[in-house]
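Colleague: Contents are compact mmCIF, C-alpha atoms; file name data-v5.txt:
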# COMPACT_ATOMS: atom_id res chain seq x y z
CA MET A 1 41.93 -12.16 -24.12
CA ILE A 2 43.98 -12.40 -27.30
CA GLN A 3 44.52 -15.84 -28.85
CA ASN A 4 47.60 -16.47 -30.96
CA SER A 5 46.47 -19.65 -32.65
CA PHE A 6 49.89 -20.76 -33.88
CA ASP A 7 51.96 -20.18 -30.74
CA ASN A 8 52.51 -23.94 -30.25
CA SER A 9 50.68 -24.02 -26.91
CA SER A 10 48.23 -26.78 -26.03
CA SER A 11 45.08 -26.35 -28.08
CA LEU A 12 41.66 -27.79 -28.73
CA TYR A 13 40.98 -28.15 -32.46
CA LEU A 14 37.43 -28.22 -33.81
CA VAL A 15 37.60 -30.46 -36.87
CA PRO A 16 34.70 -30.77 -39.34
CA THR A 17 34.07 -34.24 -40.72
CA PRO A 18 32.21 -35.16 -43.94
CA ILE A 19 28.42 -35.06 -43.87
CA GLY A 20 28.25 -37.91 -46.34
CA ASN A 21 30.90 -37.93 -49.05
CA LEU A 22 34.26 -38.80 -47.49
CA ASP A 23 36.07 -36.86 -50.22
CA ASP A 24 34.88 -33.67 -48.55
CA ILE A 25 37.36 -33.91 -45.69
CA THR A 26 40.15 -31.35 -46.03
CA LEU A 27 43.89 -31.98 -46.07
CA ARG A 28 44.24 -29.73 -43.04
CA ALA A 29 41.61 -31.73 -41.14
CA LEU A 30 43.51 -34.95 -41.84
CA ASN A 31 46.81 -33.37 -40.80
CA VAL A 32 45.33 -32.11 -37.53
CA LEU A 33 43.76 -35.47 -36.72
CA LYS A 34 47.14 -37.10 -37.29
CA MET A 35 48.92 -34.49 -35.19
CA VAL A 36 46.77 -34.34 -32.05
CA ASP A 37 47.26 -36.65 -29.09
CA ILE A 38 43.61 -37.37 -28.33
CA ILE A 39 40.38 -37.11 -30.34
CA LEU A 40 37.10 -36.29 -28.59
CA CYS A 41 34.23 -38.02 -30.39
CA GLU A 42 30.46 -37.74 -30.26
CA ASP A 43 30.27 -41.50 -30.93
CA THR A 44 33.54 -43.45 -30.84
CA ARG A 45 32.14 -46.21 -33.05
CA THR A 46 31.16 -43.81 -35.83
CA SER A 47 34.45 -41.93 -35.55
CA SER A 48 36.49 -45.14 -35.49
CA THR A 49 35.06 -46.08 -38.89
CA LEU A 50 35.97 -42.66 -40.32
CA LEU A 51 39.48 -42.65 -38.86
CA LYS A 52 40.14 -46.20 -40.01
CA HIS A 53 39.25 -45.15 -43.57
CA PHE A 54 42.03 -42.55 -43.44
CA ASN A 55 44.48 -44.81 -41.57
CA ILE A 56 44.49 -42.66 -38.44
CA GLN A 57 45.00 -44.35 -35.09
CA LYS A 58 44.54 -42.20 -32.01
CA LYS A 59 43.22 -42.44 -28.48
CA LEU A 60 39.49 -41.67 -28.59
CA LEU A 61 37.47 -40.16 -25.77
CA SER A 62 33.67 -40.17 -25.84
CA CYS A 63 32.40 -36.59 -25.63
CA HIS A 64 28.71 -35.82 -26.18
CA GLU A 65 25.95 -33.61 -24.79
CA TYR A 66 25.24 -35.99 -21.90
CA ASN A 67 28.77 -36.24 -20.51
CA GLU A 68 30.46 -32.92 -21.42
CA LYS A 69 30.41 -31.62 -17.85
CA LYS A 70 31.52 -34.93 -16.39
CA ILE A 71 34.65 -35.29 -18.55
CA PHE A 72 35.69 -31.63 -18.69
CA ASN A 73 38.23 -31.98 -15.87
CA THR A 74 39.84 -34.86 -17.79
CA ILE A 75 40.08 -32.68 -20.89
CA LEU A 76 41.54 -29.83 -18.86
CA ALA A 77 44.14 -32.18 -17.34
CA TYR A 78 45.26 -33.25 -20.83
CA LEU A 79 45.70 -29.62 -21.87
CA LYS A 80 47.63 -28.85 -18.69
CA ASP A 81 49.95 -31.75 -19.54
CA GLY A 82 50.77 -30.07 -22.86
CA LEU A 83 48.65 -32.33 -25.07
CA ASN A 84 46.67 -31.25 -28.14
CA LEU A 85 43.10 -32.42 -28.60
CA ALA A 86 40.68 -32.53 -31.51
CA LEU A 87 36.90 -32.44 -31.16
CA ILE A 88 34.82 -34.09 -33.88
CA THR A 89 31.15 -35.00 -34.18
CA ASP A 90 29.54 -37.77 -36.19
CA GLN A 91 29.12 -35.48 -39.21
CA GLY A 92 29.74 -31.85 -39.99
CA THR A 93 31.19 -29.01 -37.94
CA PRO A 94 31.23 -29.29 -34.13
CA ILE A 95 28.77 -27.04 -32.27
CA ILE A 96 26.62 -26.33 -35.37
CA SER A 97 23.50 -28.16 -34.08
CA ASP A 98 25.96 -30.62 -32.53
CA PRO A 99 27.64 -30.97 -29.11
CA GLY A 100 30.74 -29.09 -28.03
CA PHE A 101 29.77 -25.60 -26.86
CA PHE A 102 30.21 -26.34 -23.14
CA ILE A 103 33.69 -27.76 -23.74
CA VAL A 104 34.73 -24.86 -25.98
CA ARG A 105 33.43 -22.17 -23.61
CA ASN A 106 35.26 -23.66 -20.63
CA VAL A 107 38.49 -24.39 -22.49
CA ILE A 108 38.57 -20.72 -23.49
CA ASP A 109 37.85 -19.64 -19.91
CA ALA A 110 40.73 -21.84 -18.75
CA GLY A 111 43.09 -19.89 -21.04
CA TYR A 112 43.76 -22.44 -23.76
CA ASN A 113 43.50 -21.97 -27.53
CA VAL A 114 40.42 -23.15 -29.40
CA ILE A 115 41.15 -23.42 -33.13
CA SER A 116 38.25 -24.07 -35.48
CA LEU A 117 38.93 -25.49 -38.95
CA PRO A 118 36.72 -24.66 -41.94
CA GLY A 119 34.96 -27.56 -43.58
CA SER A 120 31.78 -29.54 -44.03
CA THR A 121 28.48 -28.22 -42.75
CA ALA A 122 25.06 -28.86 -44.22
CA PHE A 123 23.52 -25.40 -44.21
CA VAL A 124 26.07 -23.66 -46.47
CA PRO A 125 25.59 -25.82 -49.61
CA SER A 126 21.85 -25.85 -48.90
CA LEU A 127 21.77 -22.06 -48.95
CA THR A 128 23.99 -21.57 -51.97
CA SER A 129 22.06 -24.11 -54.06
CA SER A 130 18.60 -22.91 -53.00
CA GLY A 131 18.08 -20.07 -55.45
CA ILE A 132 16.84 -18.01 -52.50
CA ALA A 133 18.48 -14.71 -51.49
CA PRO A 134 21.72 -15.65 -49.71
CA SER A 135 22.14 -12.49 -47.68
CA PRO A 136 21.25 -11.69 -45.03
CA PHE A 137 20.38 -15.11 -43.68
CA LEU A 138 19.63 -16.55 -40.25
CA PHE A 139 20.69 -20.07 -39.33
CA PHE A 140 18.20 -21.30 -36.74
CA GLY A 141 18.93 -25.03 -36.66
CA PHE A 142 16.32 -27.35 -35.16
CA LEU A 143 12.95 -25.98 -34.14
CA ASN A 144 11.49 -27.26 -30.89
CA SER A 145 10.07 -30.78 -31.06
CA LYS A 146 6.91 -29.71 -29.17
CA LYS A 147 4.32 -28.16 -31.47
CA SER A 148 3.31 -25.30 -29.16
CA LYS A 149 6.91 -24.19 -28.68
CA ARG A 150 7.67 -24.66 -32.37
CA ILE A 151 4.75 -22.38 -33.28
CA SER A 152 6.00 -19.81 -30.78
CA GLU A 153 9.48 -19.88 -32.33
CA LEU A 154 8.04 -19.47 -35.82
CA ASN A 155 5.93 -16.52 -34.71
CA MET A 156 9.09 -14.91 -33.38
CA LEU A 157 10.75 -15.35 -36.79
CA LYS A 158 7.96 -14.66 -39.25
CA SER A 159 8.48 -10.89 -39.58
CA LEU A 160 12.23 -11.10 -40.21
CA PRO A 161 13.37 -9.97 -43.70
CA TYR A 162 16.06 -12.69 -43.72
CA THR A 163 16.36 -16.04 -45.41
CA ILE A 164 15.96 -18.56 -42.58
CA ILE A 165 17.59 -21.99 -42.44
CA PHE A 166 16.24 -24.88 -40.38
CA TYR A 167 17.34 -28.45 -39.78
CA GLU A 168 14.70 -31.15 -39.37
CA SER A 169 14.46 -34.90 -38.95
CA VAL A 170 12.41 -37.31 -41.01
CA HIS A 171 10.04 -37.83 -38.07
CA ARG A 172 8.89 -34.21 -37.95
CA ILE A 173 9.44 -32.87 -41.46
CA THR A 174 5.78 -32.91 -42.56
CA ASP A 175 4.50 -31.37 -39.31
CA THR A 176 7.21 -28.71 -39.33
CA LEU A 177 6.59 -27.80 -42.96
CA MET A 178 2.86 -27.41 -42.32
CA ASP A 179 3.58 -25.24 -39.25
CA ILE A 180 5.88 -23.02 -41.32
CA LEU A 181 3.17 -22.69 -43.96
CA ASN A 182 0.53 -21.77 -41.38
CA VAL A 183 2.71 -19.19 -39.64
CA PHE A 184 4.83 -17.78 -42.48
CA GLY A 185 2.43 -18.17 -45.37
CA ASN A 186 3.21 -19.79 -48.72
CA ARG A 187 6.81 -18.63 -49.18
CA ASP A 188 9.58 -19.89 -51.46
CA ILE A 189 11.45 -22.81 -49.96
CA SER A 190 14.26 -25.19 -50.85
CA ILE A 191 14.60 -28.52 -49.06
CA CYS A 192 17.82 -30.53 -49.27
CA ARG A 193 18.22 -34.13 -48.20
CA GLU A 194 21.06 -36.64 -48.23
CA LEU A 195 23.55 -33.88 -49.07
CA THR A 196 26.80 -35.01 -50.77
CA LYS A 197 25.52 -38.61 -50.97
CA ILE A 198 24.48 -40.52 -54.07
CA HIS A 199 20.79 -39.89 -53.29
CA GLU A 200 21.20 -36.14 -52.77
CA GLN A 201 17.99 -34.37 -53.63
CA ILE A 202 16.84 -30.74 -53.66
CA ILE A 203 13.18 -29.79 -53.86
CA ARG A 204 12.43 -26.15 -54.67
CA GLY A 205 9.19 -24.20 -54.98
CA LYS A 206 6.40 -22.79 -52.87
CA ILE A 207 5.78 -24.51 -49.54
CA THR A 208 2.46 -25.97 -50.73
CA ASP A 209 4.14 -27.49 -53.80
CA VAL A 210 7.09 -28.88 -51.90
CA TYR A 211 4.84 -30.38 -49.22
CA LYS A 212 3.27 -32.69 -51.81
CA ASN A 213 6.67 -34.25 -52.59
CA ILE A 214 8.11 -35.05 -49.16
CA SER A 215 5.75 -37.59 -47.59
CA ASP A 216 7.80 -40.64 -48.62
CA LEU A 217 11.27 -39.15 -48.30
CA ARG A 218 13.86 -40.25 -45.76
CA GLY A 219 17.05 -38.75 -44.33
CA GLU A 220 18.02 -35.52 -42.63
CA PHE A 221 16.58 -32.32 -44.08
CA VAL A 222 17.77 -28.73 -44.46
CA LEU A 223 15.04 -26.17 -45.07
CA VAL A 224 15.89 -22.80 -46.63
CA VAL A 225 12.91 -20.45 -46.38
CA SER A 226 12.65 -17.00 -47.93
CA GLY A 227 12.30 -14.06 -45.57
CA ASN A 228 9.46 -11.60 -45.11
CA TYR A 229 10.39 -9.04 -47.74
CA ASP A 230 7.16 -7.07 -47.68
CA VAL A 231 8.14 -3.40 -47.56
CA PHE A 232 6.26 -1.51 -44.87
CA ASP A 233 6.31 2.23 -44.22
CA TYR A 234 6.46 2.45 -40.43
CA SER A 235 6.28 6.24 -40.56
CA SER A 236 2.55 5.90 -41.17
CA LEU A 237 2.12 4.31 -37.72
CA ASP A 238 2.24 5.94 -34.32
CA VAL A 239 4.34 4.24 -31.64
CA ILE A 240 1.48 2.30 -30.02
CA GLU A 241 0.32 0.92 -33.39
CA HIS A 242 3.89 -0.03 -34.25
CA VAL A 243 4.47 -1.82 -30.93
CA ASN A 244 1.11 -3.60 -31.23
CA ILE A 245 2.23 -5.22 -34.51
CA TYR A 246 4.86 -7.22 -32.64
CA LEU A 247 2.68 -7.84 -29.61
CA ASP A 248 0.20 -9.47 -31.99
CA ASP A 249 3.08 -11.57 -33.35
CA GLY A 250 3.66 -12.95 -29.86
CA LEU A 251 6.64 -10.85 -28.76
CA SER A 252 6.82 -9.45 -25.23
CA VAL A 253 6.25 -5.74 -24.60
CA ASN A 254 9.97 -5.23 -23.94
CA ASP A 255 11.05 -7.08 -27.10
CA SER A 256 8.41 -5.23 -29.15
CA ILE A 257 9.64 -1.87 -27.89
CA LYS A 258 13.24 -2.84 -28.63
CA LYS A 259 12.32 -3.87 -32.19
CA VAL A 260 10.34 -0.66 -32.80
CA ALA A 261 13.22 1.46 -31.50
CA LYS A 262 15.59 -0.22 -33.94
CA GLU A 263 13.24 0.18 -36.91
CA ARG A 264 12.61 3.85 -36.09
CA ASN A 265 16.29 4.43 -35.35
CA VAL A 266 15.62 5.99 -31.96
CA ALA A 267 16.66 5.14 -28.40
CA LYS A 268 14.70 2.37 -26.72
CA SER A 269 13.91 4.73 -23.83
CA VAL A 270 12.13 7.10 -26.23
CA VAL A 271 9.80 4.38 -27.47
CA TYR A 272 9.37 2.97 -23.95
CA ASN A 273 8.33 6.31 -22.47
CA GLU A 274 6.02 7.24 -25.35
CA TYR A 275 4.36 3.83 -25.36
CA HIS A 276 3.74 3.64 -21.61
CA ASN A 277 2.82 7.29 -21.15
CA ARG A 278 0.27 7.27 -23.97
CA LYS A 279 -1.01 3.78 -23.16
Re-express the file's structure as structure tokens.

Modeller:
Amino acid sequence: MIQNSFDNSSSLYLVPTPIGNLDDITLRALNVLKMVDIILCEDTRTSSTLLKHFNIQKKLLSCHEYNEKKIFNTILAYLKDGLNLALITDQGTPIISDPGFFIVRNVIDAGYNVISLPGSTAFVPSLTSSGIAPSPFLFFGFLNSKKSKRISELNMLKSLPYTIIFYESVHRITDTLMDILNVFGNRDISICRELTKIHEQIIRGKITDVYKNISDLRGEFVLVVSGNYDVFDYSSLDVIEHVNIYLDDGLSVNDSIKKVAKERNVAKSVVYNEYHNRK
């Protein structure tokens, strides 16, 4: 399906809102919020304060992760009536560790335009100010709140040669940082808090050094962690040894075989057959 974003048909606009400093809203975001007929909000009280600041008065509809499915037919009816809608969250860009994916996916499936505006999001300034290699990077978002699942996720990520970006809350920041240290080792890290606000703070260094300085901090955190850049010559390993590296990391046999096939630049079936036949 081809979308022509400026064909004047009914559309859903994804509009980023400031993550702290209200000056970060774009002129285009303000123009879209003034243009649309209805604004879908994660929290209507929070959004009302923002919109009042910019003298925007619109009909607001509560739209969050707990009611997305329930209100979708209402949203679809508005689009069918030729109305334009904007989706905003409390802070930042919709869908980036925020609600909205269910609505977007189903609006697209229904044949309507989804137009996403560029704008505020916490992980981009955190990455660019970190002093850690910016490319390639992986944005992971929030790790699981349960320790066992969080450790499993970290084990899945620890071998990746990419800078990895996490979000974390004040309630779990110390536990998460210690888990990253235990699984990843003592890598370079940059932690940002209170981005764009008057108390913005960035703490850079090794994980062990940074850990000493976060116990009394408050706010939402963005963690930028250096990747696993150790160069390894896989040609010195046979297929079973290579697959076993990732099995030891906690990956499934199938995922390990897939990873080995990619690193050896051969078909997955070749690795699969050699592994199982020899094993």

Colleague: Could you give me, as CSV, every stretch 33-134 of chain A residue with an atom at most 10 Å from stretch 198-221 of chain A, plus its closest atom pair and distance in Å to one decimal, counting all atoms listed in the file, rows ordered by chain then number?

Modeller:
residue,atom,partner,partner_atom,distance
A:Ala122,CA,A:Phe221,CA,9.2
A:Phe123,CA,A:Phe221,CA,9.8
A:Ser126,CA,A:Ile202,CA,8.5
A:Ser129,CA,A:Ile202,CA,8.4
A:Ser130,CA,A:Arg204,CA,7.2
A:Gly131,CA,A:Arg204,CA,8.3
A:Ile132,CA,A:Arg204,CA,9.5

Colleague: Choose the residue, out of A:Ala261, A:Leu61, A:Ala267, A:Val32, that has the smallest atom-to-atom separation from A:Val243; count only C-alpha atoms.

Modeller: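 The shortest atom-to-atom distance to A:Val243 comes from A:Ala261.
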
Colleague: With all atoms listed in the file as the atoms that count, which of A:Asp175, A:Val170, A:His276, A:Asp230 lies nearest to A:Ser148?

Modeller: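 Distance minimum relative to A:Ser148 lands on A:Asp175.
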
Colleague: Take atom CA of A:Ile115 and atom CA of A:Val222 and report the distance between them in Å, one decimal.

Modeller: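 Atom CA of A:Ile115 sits 26.5 Å away from atom CA of A:Val222.
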
Colleague: Between atom CA of A:Ile180 and atom CA of A:Ile151, what distance in Å does the model show, to one decimal?

Modeller: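 The value is 8.1 Å.
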
Colleague: Taking only C-alpha atoms into account, which of A:Lys146, A:Arg187, A:Arg264, A:Lys259 comes nearest A:Leu237?

Modeller: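 The closest residue to A:Leu237 is A:Arg264.
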
Colleague: Do you know which residues lie at most 8 Å from (42.7, -30.9, -29.5), with coordinates as in the file and only C-alpha atoms counted, and could you write them as a ChimeraX atom specification?

Modeller: /A:10-14,36-40,83-87

Colleague: From the coordinates supplied, stretch 171-207 of chain A should be written with N, CA and C atoms, as a PDB file, in the first residue's frame.

Modeller:
ATOM      1  N   HIS A 171      12.913   3.805  40.326  1.00  0.00           N
ATOM      2  CA  HIS A 171      12.708   2.698  41.260  1.00  0.00           C
ATOM      3  C   HIS A 171      13.597   1.494  40.963  1.00  0.00           C
ATOM      4  N   ARG A 172      14.079   1.394  39.713  1.00  0.00           N
ATOM      5  CA  ARG A 172      14.859   0.212  39.345  1.00  0.00           C
ATOM      6  C   ARG A 172      16.265   0.543  38.848  1.00  0.00           C
ATOM      7  N   ILE A 173      16.645   1.802  38.856  1.00  0.00           N
ATOM      8  CA  ILE A 173      17.894   2.189  38.210  1.00  0.00           C
ATOM      9  C   ILE A 173      19.108   1.499  38.831  1.00  0.00           C
ATOM     10  N   THR A 174      19.181   1.401  40.152  1.00  0.00           N
ATOM     11  CA  THR A 174      20.362   0.785  40.772  1.00  0.00           C
ATOM     12  C   THR A 174      20.413  -0.714  40.484  1.00  0.00           C
ATOM     13  N   ASP A 175      19.263  -1.388  40.576  1.00  0.00           N
ATOM     14  CA  ASP A 175      19.224  -2.827  40.290  1.00  0.00           C
ATOM     15  C   ASP A 175      19.573  -3.106  38.837  1.00  0.00           C
ATOM     16  N   THR A 176      19.025  -2.305  37.935  1.00  0.00           N
ATOM     17  CA  THR A 176      19.283  -2.502  36.509  1.00  0.00           C
ATOM     18  C   THR A 176      20.755  -2.267  36.190  1.00  0.00           C
ATOM     19  N   LEU A 177      21.320  -1.222  36.752  1.00  0.00           N
ATOM     20  CA  LEU A 177      22.728  -0.919  36.482  1.00  0.00           C
ATOM     21  C   LEU A 177      23.626  -2.049  36.985  1.00  0.00           C
ATOM     22  N   MET A 178      23.318  -2.605  38.145  1.00  0.00           N
ATOM     23  CA  MET A 178      24.118  -3.711  38.664  1.00  0.00           C
ATOM     24  C   MET A 178      23.957  -4.953  37.793  1.00  0.00           C
ATOM     25  N   ASP A 179      22.740  -5.188  37.285  1.00  0.00           N
ATOM     26  CA  ASP A 179      22.520  -6.331  36.385  1.00  0.00           C
ATOM     27  C   ASP A 179      23.306  -6.161  35.081  1.00  0.00           C
ATOM     28  N   ILE A 180      23.327  -4.953  34.549  1.00  0.00           N
ATOM     29  CA  ILE A 180      24.096  -4.690  33.327  1.00  0.00           C
ATOM     30  C   ILE A 180      25.577  -4.942  33.580  1.00  0.00           C
ATOM     31  N   LEU A 181      26.064  -4.491  34.722  1.00  0.00           N
ATOM     32  CA  LEU A 181      27.470  -4.710  35.079  1.00  0.00           C
ATOM     33  C   LEU A 181      27.783  -6.204  35.154  1.00  0.00           C
ATOM     34  N   ASN A 182      26.915  -6.958  35.817  1.00  0.00           N
ATOM     35  CA  ASN A 182      27.164  -8.385  36.009  1.00  0.00           C
ATOM     36  C   ASN A 182      27.114  -9.171  34.706  1.00  0.00           C
ATOM     37  N   VAL A 183      26.246  -8.747  33.784  1.00  0.00           N
ATOM     38  CA  VAL A 183      26.090  -9.482  32.526  1.00  0.00           C
ATOM     39  C   VAL A 183      27.039  -8.959  31.450  1.00  0.00           C
ATOM     40  N   PHE A 184      27.142  -7.653  31.309  1.00  0.00           N
ATOM     41  CA  PHE A 184      27.948  -7.051  30.240  1.00  0.00           C
ATOM     42  C   PHE A 184      29.417  -6.897  30.615  1.00  0.00           C
ATOM     43  N   GLY A 185      29.696  -6.774  31.902  1.00  0.00           N
ATOM     44  CA  GLY A 185      31.029  -6.383  32.327  1.00  0.00           C
ATOM     45  C   GLY A 185      31.097  -4.875  32.499  1.00  0.00           C
ATOM     46  N   ASN A 186      32.272  -4.371  32.847  1.00  0.00           N
ATOM     47  CA  ASN A 186      32.423  -2.963  33.210  1.00  0.00           C
ATOM     48  C   ASN A 186      32.652  -2.082  31.965  1.00  0.00           C
ATOM     49  N   ARG A 187      31.592  -1.862  31.218  1.00  0.00           N
ATOM     50  CA  ARG A 187      31.695  -1.097  29.967  1.00  0.00           C
ATOM     51  C   ARG A 187      31.552   0.406  30.211  1.00  0.00           C
ATOM     52  N   ASP A 188      31.824   1.172  29.143  1.00  0.00           N
ATOM     53  CA  ASP A 188      31.557   2.613  29.180  1.00  0.00           C
ATOM     54  C   ASP A 188      30.048   2.834  29.157  1.00  0.00           C
ATOM     55  N   ILE A 189      29.611   3.831  29.908  1.00  0.00           N
ATOM     56  CA  ILE A 189      28.185   4.124  29.984  1.00  0.00           C
ATOM     57  C   ILE A 189      27.987   5.621  30.164  1.00  0.00           C
ATOM     58  N   SER A 190      26.875   6.109  29.667  1.00  0.00           N
ATOM     59  CA  SER A 190      26.458   7.491  29.904  1.00  0.00           C
ATOM     60  C   SER A 190      25.004   7.446  30.364  1.00  0.00           C
ATOM     61  N   ILE A 191      24.730   8.092  31.484  1.00  0.00           N
ATOM     62  CA  ILE A 191      23.367   8.113  32.014  1.00  0.00           C
ATOM     63  C   ILE A 191      22.865   9.550  32.028  1.00  0.00           C
ATOM     64  N   CYS A 192      21.730   9.764  31.392  1.00  0.00           N
ATOM     65  CA  CYS A 192      21.104  11.095  31.349  1.00  0.00           C
ATOM     66  C   CYS A 192      19.844  11.093  32.206  1.00  0.00           C
ATOM     67  N   ARG A 193      19.645  12.199  32.897  1.00  0.00           N
ATOM     68  CA  ARG A 193      18.404  12.352  33.668  1.00  0.00           C
ATOM     69  C   ARG A 193      17.898  13.777  33.535  1.00  0.00           C
ATOM     70  N   GLU A 194      16.582  13.918  33.662  1.00  0.00           N
ATOM     71  CA  GLU A 194      15.941  15.234  33.610  1.00  0.00           C
ATOM     72  C   GLU A 194      16.335  15.996  32.342  1.00  0.00           C
ATOM     73  N   LEU A 195      16.356  15.305  31.214  1.00  0.00           N
ATOM     74  CA  LEU A 195      16.769  15.926  29.956  1.00  0.00           C
ATOM     75  C   LEU A 195      15.926  17.155  29.622  1.00  0.00           C
ATOM     76  N   THR A 196      16.580  18.188  29.160  1.00  0.00           N
ATOM     77  CA  THR A 196      16.036  19.481  28.716  1.00  0.00           C
ATOM     78  C   THR A 196      15.520  20.342  29.869  1.00  0.00           C
ATOM     79  N   LYS A 197      15.542  19.824  31.098  1.00  0.00           N
ATOM     80  CA  LYS A 197      15.056  20.585  32.245  1.00  0.00           C
ATOM     81  C   LYS A 197      16.226  21.273  32.942  1.00  0.00           C
ATOM     82  N   ILE A 198      15.919  22.116  33.882  1.00  0.00           N
ATOM     83  CA  ILE A 198      16.947  22.911  34.547  1.00  0.00           C
ATOM     84  C   ILE A 198      17.919  22.040  35.344  1.00  0.00           C
ATOM     85  N   HIS A 199      17.456  20.842  35.751  1.00  0.00           N
ATOM     86  CA  HIS A 199      18.324  19.943  36.515  1.00  0.00           C
ATOM     87  C   HIS A 199      18.914  18.835  35.647  1.00  0.00           C
ATOM     88  N   GLU A 200      18.955  19.046  34.331  1.00  0.00           N
ATOM     89  CA  GLU A 200      19.539  18.050  33.439  1.00  0.00           C
ATOM     90  C   GLU A 200      20.939  17.675  33.907  1.00  0.00           C
ATOM     91  N   GLN A 201      21.198  16.368  33.878  1.00  0.00           N
ATOM     92  CA  GLN A 201      22.486  15.882  34.347  1.00  0.00           C
ATOM     93  C   GLN A 201      22.910  14.686  33.506  1.00  0.00           C
ATOM     94  N   ILE A 202      24.201  14.617  33.182  1.00  0.00           N
ATOM     95  CA  ILE A 202      24.763  13.497  32.439  1.00  0.00           C
ATOM     96  C   ILE A 202      25.951  12.965  33.218  1.00  0.00           C
ATOM     97  N   ILE A 203      25.940  11.665  33.473  1.00  0.00           N
ATOM     98  CA  ILE A 203      27.014  11.024  34.220  1.00  0.00           C
ATOM     99  C   ILE A 203      27.689  10.025  33.285  1.00  0.00           C
ATOM    100  N   ARG A 204      28.977  10.221  33.031  1.00  0.00           N
ATOM    101  CA  ARG A 204      29.708   9.379  32.082  1.00  0.00           C
ATOM    102  C   ARG A 204      30.856   8.667  32.789  1.00  0.00           C
ATOM    103  N   GLY A 205      31.199   7.485  32.296  1.00  0.00           N
ATOM    104  CA  GLY A 205      32.332   6.752  32.842  1.00  0.00           C
ATOM    105  C   GLY A 205      32.121   5.266  32.723  1.00  0.00           C
ATOM    106  N   LYS A 206      32.902   4.489  33.458  1.00  0.00           N
ATOM    107  CA  LYS A 206      32.682   3.060  33.546  1.00  0.00           C
ATOM    108  C   LYS A 206      31.468   2.795  34.443  1.00  0.00           C
ATOM    109  N   ILE A 207      30.839   1.637  34.254  1.00  0.00           N
ATOM    110  CA  ILE A 207      29.631   1.336  35.017  1.00  0.00           C
ATOM    111  C   ILE A 207      29.896   1.387  36.517  1.00  0.00           C
TER     112      ILE A 207
END
